[in-house]
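Student: Sharing a structure below in structure tokens format, with a few things to ask.
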Amino acid sequence: MHADLSRVTFRPDRHYSAVIAQQGRVQLDADANEQAAIQLHQARTIAADLIGRYGGPRGATGFAIDFKGRGQELDELTIGPGRYYVDGIALDATRQQAGTPVGDDGQVAETGTAASTTPPAPAPPATWTYWDQPDGYRDPERPGDRLPSQFPYLAYLKVWERSVTAAEDPLLREVALGSAMPDTAARMKVVWQVLPLPGARLEVADQRDKDQVRAAFAAWAAAQAPTSRMAARSRRPDHADEDPCLVGPDARYRGAENQLYRVEVHEGGTAENATFKWSRENGSVTFAVDGLDGTWVELASPGNDDKLDLNVGDWVEFADTAYVSRGEPLPLLRVEEVDLPGRRVRLSGEPEPSVGRRPELHPFLRRWDHRAGGGRAHKGVPKARGGALRIEEGRWLPLEDGVEVCFEPGRTYRSGDFWTVAARTATGDVEWPTDAARRPLLLAPSGIEVHYAPLAWVFGEGSVSDLRLAFGPLSGPVPAAAEEELAAEAEAEAEARSAEAAGAGSDSSAQDEN
């Protein structure tokens with residue numbers, strides 16, 4: 001998640017069930033976030049245990065797929081409303097209907113009538129489609145986005161989560177705090193996308209056998225998972241003796257402030273093609289964009305202070321909601337000039353036409369803090385490609401101030417996957433798991449966790465094989481007791497009364513003898 005965090009403390013292997021606040025203690029964002037993570041983990045684990053990998057409630061199962069062929073025009077898939085669960089994550093495909101406008105006279109505004117000059121508005125569609133699904137952002141002009149022309153193909157769900165800040169959703173900002181104040185809390189959003197998979201990519205012997213199709217899809221989904229692992233450490237730089245005495249002389253982490261470093265894969269693939277970028281602020285430094293003119297970008301705000309602003313030489317990612325949801329990285333751009341009075345920056349190149357041209361998608365710049373092969377203390381920094389750093393496996397790569405990372409050799413990488421490294425001035429070190437000999441451990445990415453579920457095997461017009469699963473409610477009517485059970489219960493009660501009476505009689509006899 002790209003958010004301004006102190007650190008991330010949720011560790012499922014510790015089996016914590018709750019965070020307990022103590023009186024008179026400092027309240028940290030990490031504690032509140034861990035409590036939310038614990039509850040979410042428990043709820044989704046329970047749902048997955050009861051439902052299985054995927055399924056929907058019987059009678060309200062969502063994501064029913066129907067194929068609509070359109071001849072020379074683009075084919076279409078409709079997505080039925082309802083709920084569905086993938087690995088315990090709740091999804092809802094119900095399309096909310098827009099409200100009804102009210103006129104100046106307080107009456108419902110009617111369009112398309114004889115007295116109205118406003119043309120009738122088209123009726124809103126009742127369901128989502130492949131082309132207008134809320135988080136898909138499919139583009140008919142992109143050949144890769146079009147539905148396959150060869151049948152059969154499989155329609156499937158891709159599910160993941162991402163963070164959203166006020167840069168993307170201005171309604172998250174409390175305007176009463178004023179424009180000079182930073183935003184408050186961010187949000188986590190579940191992203192679902194209905195995507196096609198050509199049938200040739202699945203090994204299916206009998207295409208009419210749903211179980212075979214589901215098994216082949218499960219094998220394909222498992223192969224999509226990256227295998228990358230990374231370790232982090234802090235090491236006292238060679239030039240440490242030349243630094244001002246801002247930190248302890250023996251400190252391995254030489255930064256003057258606590259930081260949460262984020263190391264994120266930019267381009268995926270094998271190490272020969274993969275690149276990464278890093279941020280000392282967990283990638284949370286963003287700038288909403290008000291306008292774009294060639295290489296000049298107009299910003300809504302230049303930044304809150306000198307540590308959270310833009311400077312010449314910074315690398316930025318020009319993004320919007322569609323770009324983030326698609327997860328297809330574009331080259332990073334370098335800040336070449338800063339015009340503070342005009343709230344503008346000039347970039348090293350014009351952003352791609354597919355990003356930032358639609359204000360309703362809330363374009364923004366995200367700052368990254370790496371330096372591509374130049375600057376102080378960058379000996380050993382890998383070469384850059386597209387503004388990001390090449391992944392060089394099997395050796396320690398310096399970030400800054402003594403923080404280093406190492407990627408395991410022979411692995412594959414997925415765009416967007418990330419690791420976080422908390423660096424602390426109090427210890428002069430980073431927080432990273434080690435073995436008994438204090439050697440850093442290789443860890444899988446902290447995210448992104450991507451989940452998949454098959455929906456339909458599409459053969460063509462009017463021929464769609466439904467691959468969804470459904471479950472019924474666990475509750476049911478209380479069964480009536482059988483006559484034998486009632487008789488046995490009455491007999492047991494009679495025996496209990498007899499035993500009590502016998503015990504009472506024995507006590508009376510003993511008292512009489514006394």
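Note on naming: chains are A, B, ... as they come in the structure tokens, residues start from 1 per chain, ligands start from 1 in the order shown.
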Find the spatial neighbours of Arg229 in chain A, counting only C-alpha atoms, within a cut-off of 8 Å - ignore same-chain residues fewer than 5 positions away - and output them as a PyMOL selection string.
Tutor: chain A and resi 407-408+411+442-445
Student: Using only N, CA, C and O atoms, please write the residues we just selected to a file, as a PDB file, in the first residue's frame.
Tutor:
ATOM      1  N   PHE A 407      18.653  -9.276  -4.046  1.00  0.00           N
ATOM      2  CA  PHE A 407      17.653 -10.114  -4.689  1.00  0.00           C
ATOM      3  C   PHE A 407      18.240 -11.511  -4.924  1.00  0.00           C
ATOM      4  O   PHE A 407      19.385 -11.654  -5.374  1.00  0.00           O
ATOM      5  N   GLU A 408      17.439 -12.518  -4.632  1.00  0.00           N
ATOM      6  CA  GLU A 408      17.890 -13.900  -4.793  1.00  0.00           C
ATOM      7  C   GLU A 408      18.027 -14.247  -6.274  1.00  0.00           C
ATOM      8  O   GLU A 408      17.154 -13.924  -7.074  1.00  0.00           O
ATOM      9  N   ARG A 411      15.232 -15.870 -10.020  1.00  0.00           N
ATOM     10  CA  ARG A 411      13.826 -15.685  -9.677  1.00  0.00           C
ATOM     11  C   ARG A 411      13.095 -14.881 -10.755  1.00  0.00           C
ATOM     12  O   ARG A 411      13.713 -14.286 -11.647  1.00  0.00           O
ATOM     13  N   LEU A 442      16.010 -13.997   3.350  1.00  0.00           N
ATOM     14  CA  LEU A 442      15.295 -13.712   2.106  1.00  0.00           C
ATOM     15  C   LEU A 442      13.802 -13.889   2.340  1.00  0.00           C
ATOM     16  O   LEU A 442      13.361 -14.904   2.893  1.00  0.00           O
ATOM     17  N   LEU A 443      13.015 -12.903   1.923  1.00  0.00           N
ATOM     18  CA  LEU A 443      11.568 -12.935   2.114  1.00  0.00           C
ATOM     19  C   LEU A 443      10.848 -12.713   0.799  1.00  0.00           C
ATOM     20  O   LEU A 443      11.334 -11.994  -0.081  1.00  0.00           O
ATOM     21  N   ALA A 444       9.674 -13.331   0.676  1.00  0.00           N
ATOM     22  CA  ALA A 444       8.807 -13.083  -0.470  1.00  0.00           C
ATOM     23  C   ALA A 444       8.229 -11.674  -0.366  1.00  0.00           C
ATOM     24  O   ALA A 444       8.252 -11.059   0.713  1.00  0.00           O
ATOM     25  N   PRO A 445       7.709 -11.124  -1.433  1.00  0.00           N
ATOM     26  CA  PRO A 445       7.153  -9.759  -1.377  1.00  0.00           C
ATOM     27  C   PRO A 445       6.029  -9.643  -0.354  1.00  0.00           C
ATOM     28  O   PRO A 445       5.284 -10.594  -0.089  1.00  0.00           O
TER      29      PRO A 445
END
Student: Give the helix (DSSP H, G or I) residues of range 256-503 of chain A, as DSSP finds them on the backbone, and put them as a ChimeraX atom specification.
Tutor: /A:321-326,359-361,483-503
Student: Between A:Pro134, A:Gly342, A:Gly402, A:Pro81, which is the closest to Val430 in chain A once you count only C-alpha atoms?
Tutor: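 Smallest separation from Val430 in chain A among the options: A:Gly402.
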Student: Excluding range 161-177 of chain A and residues on its chain fewer than 3 positions from it, collect all residues at most 9 Å away from it, counting only C-alpha atoms, and give them as a PyMOL selection string.
Tutor: chain A and resi 1-3+180-192+284+286-289+320-321+324-325+361-364+448-450
Student: Using only C-alpha atoms, determine which residues lie at most 9 Å from range 216-219 of chain A, disregarding the query and same-chain residues fewer than 6 positions distant; provide the list as a ChimeraX atom specification.
Tutor: /A:154,202-204,452-454
Student: So how many Å separate CA of Asp314 in chain A and CA of Thr275 in chain A, to one decimal?
Tutor: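 Calculated distance between CA of Asp314 in chain A and CA of Thr275 in chain A is 17.2 Å.
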Student: Which residues, written as a ChimeraX atom specification, have at least one atom at most 8 Å from range 383-398 of chain A, with only C-alpha atoms counted and residues fewer than 2 positions away on the same chain left out?
Tutor: /A:266,271-277,315,330-334,372-373,378-381,400,402-410
